[in-house]
Amino acid sequence: MIKKNIFIITISIMVVFVLAGCGYELNEGEKENESENEDLEVNDDAVSVAASDFSLKDEESRLLLGTSSQGGTYYVWGGGWANIMGESIPGLDISVEVTGGPVTNVQLIDQGEMDIGFVTTWLGGEAYEGIGWADKKYESFGSLFPMYPSVLYLYSLQDTPIETVQDFNGKHISVGPPGATSDIAGRAVLEVLGIEAREVSALPTNTQVDNLKDGLVDANFAVTGAPGPFMLDLEATHDVEHIELSDEEIDKMLEEYPYWTTYEVPSDMYKDLDEDITQIAFWNVAIASLELSEELVYELVKQTFENHQQLLNVDPTSKDTLAENVIHNGIPLHPGAYKYYEEIGIEIPDELVPPEKKD
């Protein structure tokens with residue numbers, strides 16, 4: 001049996017050499033497979049990230065990025081961004097960390113336990129100024145780039161008599177889950193504008209929508225991206241009344257909350273919008289420790305924008321991750337980020353200029 005196996009192996013080897021010597025060619029099926037493999041390689045190259053020739057310092061080769069709870073937008077967005085940075089800056093490794101969100105990210109950077117984090121301009125701005133939730137001025141970080149806006153929606157149904165926020169007086173209003181941005185922001189709008197609702201309920205988004213359909217609440221506040229998935233679902237079955245604050249009302253809110261901003265919701269985003277409307281918004285931005293070198297931060301910002309298409313593949317909210325949207329950052333820039341925007345010719349508002357770069 002052993003001799004027979006040796007004989008078979010020997011014959012097989014001889015056949016291989018004979019075929020090679022005869023100039024054996026692939027059959028049509030094999031040629032087709034090889035061609036497909038070549039096409040795949042070309043496609044892989046076509047979607048690869050833009051590589052950088054930046055020379056990374058050893059002490060900055062491993063960074064920690066603070067996001068939010070696992071599965072949240074920050075966490076998903078951060079994982080994709082970290083991978084893109086690792087591919088575009090040779091030798092860089094960014095670990096994505098689960099955290100409590102913006103407030104925790106600011107605190108961890110301040111304590112030297114995190115290098116980069118994601119925050120809203122609202123909570124990050126209050127940290128920088130030492131107001132609101134902040135117990136002191138947190139000045140150990142600078143902003144990098146805008147991510148995407150979260151919009152504060154005010155809405156009801158068209159078969160109700162509610163058309164403006166002033167019509168919330170005497171009504172049952174829902175402001176979102178307890179402690180959520182929509183809860184805090186919704187109550188702030190009611191307070192600053194002097195609205196006296198009959199009842200204010202803190203409800204999860206799905207419950208808000210269901211209660212609105214059933215007539216158990218009259219109008220809702222909600223904070224989400226643009227477009228908001230819940231809003232698209234609601235419009236599929238009901239006629240929605242999108243409620244816009246007046247210019248005067250927006251000015252009052254921004255005066256009271258300087259780190260809030262606005263977002264233009266285009267009419268084609270929602271079926272029940274006849275024209276563009278302006279809503280309160282909270283931009284999400286990346287921040288970094290001032291301990292990170294100017295050169296590294298410059299490169300991180302540069303590669304973020306040069307690989308914008310890759311970010312879109314990670315999350316569609318990245319459509320707003322554009323250099324010109326830096327005006328919404330709300331927080332003074334890291335010197336490395338400032339260098340990049342200045343280099344590409346973007347005029348930076350005075351409040352975003354790093355203190356050390358001011359005359």
# chains A, B, ... in the order shown; residues from 1 in each chain; ligands from 1
>>> residues_around(residues="A:Leu254", least_positions_apart="5", cutoff="12 Å", atoms="only C-alpha atoms", output="ChimeraX atom specification")
/A:122,185,188-189,192-193,245,247-249,259-262,279-282
>>> write_last_selection(atoms="C-alpha atoms", output="mmCIF file, in the first residue's frame")
data_model
loop_
_atom_site.group_PDB
_atom_site.id
_atom_site.type_symbol
_atom_site.label_atom_id
_atom_site.label_comp_id
_atom_site.auth_asym_id
_atom_site.auth_seq_id
_atom_site.Cartn_x
_atom_site.Cartn_y
_atom_site.Cartn_z
ATOM 1 C CA TRP A 122 -23.444 72.559 24.178
ATOM 2 C CA ALA A 185 -33.472 71.338 25.955
ATOM 3 C CA ALA A 188 -35.273 75.065 28.624
ATOM 4 C CA VAL A 189 -37.286 76.270 25.614
ATOM 5 C CA VAL A 192 -36.999 80.806 28.440
ATOM 6 C CA LEU A 193 -39.988 81.518 26.199
ATOM 7 C CA LEU A 245 -39.380 78.965 16.281
ATOM 8 C CA ASP A 247 -36.255 84.566 14.694
ATOM 9 C CA GLU A 248 -36.978 86.417 17.928
ATOM 10 C CA GLU A 249 -37.540 83.168 19.836
ATOM 11 C CA TYR A 259 -23.391 77.033 22.733
ATOM 12 C CA TRP A 260 -26.626 76.125 21.017
ATOM 13 C CA THR A 261 -26.771 76.751 17.284
ATOM 14 C CA THR A 262 -29.210 76.418 14.378
ATOM 15 C CA GLN A 279 -34.432 74.698 14.035
ATOM 16 C CA ILE A 280 -32.270 74.737 17.158
ATOM 17 C CA ALA A 281 -29.404 72.275 16.832
ATOM 18 C CA PHE A 282 -26.517 70.887 18.824
#
>>> select_by_dssp(residues="stretch 56-181 of chain A", states="strand (DSSP E or B)", output="MDAnalysis selection string")
chainID A and resid 62:66 93:97 116:120 141:157 172:174
>>> write_last_selection(atoms="C-alpha atoms", output="mmCIF file, in the first residue's frame")
data_model
loop_
_atom_site.group_PDB
_atom_site.id
_atom_site.type_symbol
_atom_site.label_atom_id
_atom_site.label_comp_id
_atom_site.auth_asym_id
_atom_site.auth_seq_id
_atom_site.Cartn_x
_atom_site.Cartn_y
_atom_site.Cartn_z
ATOM 1 C CA ARG A 62 -1.342 54.736 20.376
ATOM 2 C CA LEU A 63 -4.293 56.991 21.210
ATOM 3 C CA LEU A 64 -7.529 56.531 23.154
ATOM 4 C CA LEU A 65 -10.819 57.840 21.763
ATOM 5 C CA GLY A 66 -13.771 58.448 24.107
ATOM 6 C CA ASP A 93 -3.478 52.901 16.440
ATOM 7 C CA ILE A 94 -6.605 54.521 17.920
ATOM 8 C CA SER A 95 -8.516 52.466 20.484
ATOM 9 C CA VAL A 96 -12.231 53.230 20.735
ATOM 10 C CA GLU A 97 -13.399 53.388 24.357
ATOM 11 C CA ILE A 116 -9.547 62.372 21.843
ATOM 12 C CA GLY A 117 -13.288 62.519 22.511
ATOM 13 C CA PHE A 118 -16.638 63.350 20.975
ATOM 14 C CA VAL A 119 -18.872 66.016 22.533
ATOM 15 C CA THR A 120 -21.803 68.261 21.720
ATOM 16 C CA PHE A 141 -8.650 70.482 25.083
ATOM 17 C CA GLY A 142 -9.317 72.060 21.713
ATOM 18 C CA SER A 143 -11.803 71.180 18.988
ATOM 19 C CA LEU A 144 -10.804 69.314 15.817
ATOM 20 C CA PHE A 145 -13.604 69.019 13.291
ATOM 21 C CA PRO A 146 -17.416 69.172 13.035
ATOM 22 C CA MET A 147 -19.175 65.796 12.891
ATOM 23 C CA TYR A 148 -22.913 66.236 12.430
ATOM 24 C CA PRO A 149 -25.785 68.220 13.949
ATOM 25 C CA SER A 150 -28.488 66.849 16.206
ATOM 26 C CA VAL A 151 -31.684 68.806 15.583
ATOM 27 C CA LEU A 152 -34.235 69.837 18.224
ATOM 28 C CA TYR A 153 -37.590 69.053 16.642
ATOM 29 C CA LEU A 154 -40.865 70.586 17.797
ATOM 30 C CA TYR A 155 -43.826 68.861 16.186
ATOM 31 C CA SER A 156 -47.482 68.007 16.428
ATOM 32 C CA LEU A 157 -50.153 66.714 14.040
ATOM 33 C CA HIS A 172 -49.776 68.394 27.391
ATOM 34 C CA ILE A 173 -46.203 68.404 26.076
ATOM 35 C CA SER A 174 -43.636 65.597 25.952
#
>>> residues_around(residues="A:Lys319", least_positions_apart="4", cutoff="12 Å", atoms="only C-alpha atoms", output="NGL selection string")
:A and (146-149 or 225-227 or 305 or 307-315 or 323 or 325)
>>> write_last_selection(atoms="C-alpha atoms", output="PDB file, in the first residue's frame")
ATOM      1  CA  PRO A 146     -17.416  69.172  13.035  1.00  0.00           C
ATOM      2  CA  MET A 147     -19.175  65.796  12.891  1.00  0.00           C
ATOM      3  CA  TYR A 148     -22.913  66.236  12.430  1.00  0.00           C
ATOM      4  CA  PRO A 149     -25.785  68.220  13.949  1.00  0.00           C
ATOM      5  CA  GLY A 225     -30.251  63.648  13.312  1.00  0.00           C
ATOM      6  CA  ALA A 226     -31.460  65.034  10.015  1.00  0.00           C
ATOM      7  CA  PRO A 227     -33.523  63.322   8.844  1.00  0.00           C
ATOM      8  CA  PHE A 305     -11.631  65.506   5.251  1.00  0.00           C
ATOM      9  CA  ASN A 307     -11.286  60.532   3.371  1.00  0.00           C
ATOM     10  CA  HIS A 308     -14.786  61.959   3.519  1.00  0.00           C
ATOM     11  CA  GLN A 309     -16.230  59.270   1.247  1.00  0.00           C
ATOM     12  CA  GLN A 310     -14.997  56.594   3.643  1.00  0.00           C
ATOM     13  CA  LEU A 311     -16.759  58.355   6.514  1.00  0.00           C
ATOM     14  CA  LEU A 312     -19.995  58.347   4.513  1.00  0.00           C
ATOM     15  CA  ASN A 313     -19.645  54.586   4.233  1.00  0.00           C
ATOM     16  CA  VAL A 314     -19.467  54.443   8.047  1.00  0.00           C
ATOM     17  CA  ASP A 315     -22.490  56.622   8.808  1.00  0.00           C
ATOM     18  CA  ALA A 323     -14.451  71.727   6.598  1.00  0.00           C
ATOM     19  CA  ASN A 325     -18.913  73.581   8.942  1.00  0.00           C
TER      20      ASN A 325
END
>>> closest_residue(among="A:Gly112, A:Glu351, A:Lys357, A:Ser69", to="A:Pro258", atoms="only C-alpha atoms")
A:Glu351
>>> atom_distance(atom1="atom CA of A:Lys252", atom2="atom CA of A:Asn220")
20.3 Å
>>> select_by_dssp(residues="stretch 39-240 of chain A", states="alpha helix (DSSP H)", output="VMD selection string")
chain A and resid 39 to 46 73 to 88 102 to 110 121 to 129 181 to 192 205 to 213 229 to 235
>>> closest_residue(among="A:Lys136, A:Lys302, A:Lys358, A:Arg198", to="A:Asp167", atoms="only C-alpha atoms")
A:Arg198
>>> residues_around(residues="A:Asn206", least_positions_apart="2", cutoff="12 Å", atoms="only C-alpha atoms", output="ChimeraX atom specification")
/A:174,176-177,202-204,208-213,220,222,229-231,233-234
>>> atom_distance(atom1="atom CA of A:Ala82", atom2="atom CA of A:Ser289")
16.3 Å
>>> atom_distance(atom1="atom CA of A:Ala288", atom2="atom CA of A:Pro335")
10.5 Å
>>> closest_residue(among="A:Asp320, A:Glu129, A:Asp53, A:Glu275", to="A:Gln303", atoms="only C-alpha atoms")
A:Asp53
>>> closest_residue(among="A:Thr121, A:Thr317, A:Ser201, A:Ser55", to="A:Leu92", atoms="only C-alpha atoms")
A:Ser55
>>> closest_residue(among="A:Gly91, A:Gly330, A:Val175, A:Glu191", to="A:Ala127", atoms="only C-alpha atoms")
A:Gly330
>>> residues_around(residues="A:Ala337", least_positions_apart="4", cutoff="10 Å", atoms="only C-alpha atoms", output="ChimeraX atom specification")
/A:142-145,287-288,294-302,326,332-333,341-343,353-354
>>> write_last_selection(atoms="N, CA and C atoms", output="CSV table (one decimal), in the first residue's frame")
chain,number,residue,atom,x,y,z
A,142,GLY,N,-8.9,71.2,22.8
A,142,GLY,CA,-9.3,72.1,21.7
A,142,GLY,C,-10.1,71.3,20.7
A,143,SER,N,-11.0,71.9,19.9
A,143,SER,CA,-11.8,71.2,19.0
A,143,SER,C,-11.0,70.8,17.7
A,144,LEU,N,-11.5,69.8,17.0
A,144,LEU,CA,-10.8,69.3,15.8
A,144,LEU,C,-11.6,69.6,14.6
A,145,PHE,N,-12.8,68.9,14.5
A,145,PHE,CA,-13.6,69.0,13.3
A,145,PHE,C,-15.1,68.8,13.6
A,287,ILE,N,-12.9,66.6,19.9
A,287,ILE,CA,-12.0,67.4,20.6
A,287,ILE,C,-10.8,66.5,20.9
A,288,ALA,N,-9.7,67.2,21.2
A,288,ALA,CA,-8.4,66.5,21.6
A,288,ALA,C,-7.6,67.2,22.6
A,294,GLU,N,0.9,69.6,17.6
A,294,GLU,CA,0.2,70.3,16.5
A,294,GLU,C,0.3,69.5,15.2
A,295,GLU,N,1.5,68.9,15.0
A,295,GLU,CA,1.7,68.1,13.7
A,295,GLU,C,0.7,67.0,13.6
A,296,LEU,N,0.5,66.2,14.7
A,296,LEU,CA,-0.4,65.0,14.7
A,296,LEU,C,-1.8,65.5,14.5
A,297,VAL,N,-2.3,66.5,15.2
A,297,VAL,CA,-3.7,66.9,15.1
A,297,VAL,C,-3.9,67.5,13.7
A,298,TYR,N,-3.0,68.2,13.2
A,298,TYR,CA,-3.1,68.7,11.8
A,298,TYR,C,-3.4,67.6,10.8
A,299,GLU,N,-2.6,66.5,11.0
A,299,GLU,CA,-2.7,65.3,10.1
A,299,GLU,C,-4.1,64.6,10.3
A,300,LEU,N,-4.5,64.5,11.6
A,300,LEU,CA,-5.8,63.9,11.8
A,300,LEU,C,-7.0,64.6,11.1
A,301,VAL,N,-6.9,66.0,11.2
A,301,VAL,CA,-8.0,66.8,10.6
A,301,VAL,C,-7.9,66.7,9.1
A,302,LYS,N,-6.7,66.8,8.6
A,302,LYS,CA,-6.5,66.7,7.1
A,302,LYS,C,-7.0,65.3,6.6
A,326,VAL,N,-16.9,74.0,10.2
A,326,VAL,CA,-16.1,74.3,11.4
A,326,VAL,C,-16.6,75.5,12.1
A,332,PRO,N,-13.0,76.7,21.0
A,332,PRO,CA,-11.7,77.1,20.4
A,332,PRO,C,-11.0,75.9,19.8
A,333,LEU,N,-10.3,76.0,18.6
A,333,LEU,CA,-9.7,75.0,18.0
A,333,LEU,C,-8.3,74.6,18.6
A,341,TYR,N,-7.2,74.6,8.9
A,341,TYR,CA,-8.2,75.4,8.3
A,341,TYR,C,-7.7,76.7,7.7
A,342,GLU,N,-6.7,77.2,8.4
A,342,GLU,CA,-6.0,78.5,7.9
A,342,GLU,C,-5.3,78.2,6.6
A,343,GLU,N,-4.7,77.0,6.5
A,343,GLU,CA,-4.0,76.6,5.3
A,343,GLU,C,-4.9,76.5,4.1
A,353,VAL,N,-10.6,80.8,17.5
A,353,VAL,CA,-9.1,80.9,17.3
A,353,VAL,C,-8.5,80.5,18.7
A,354,PRO,N,-7.5,79.6,18.6
A,354,PRO,CA,-6.8,79.2,19.9
A,354,PRO,C,-6.2,80.4,20.6
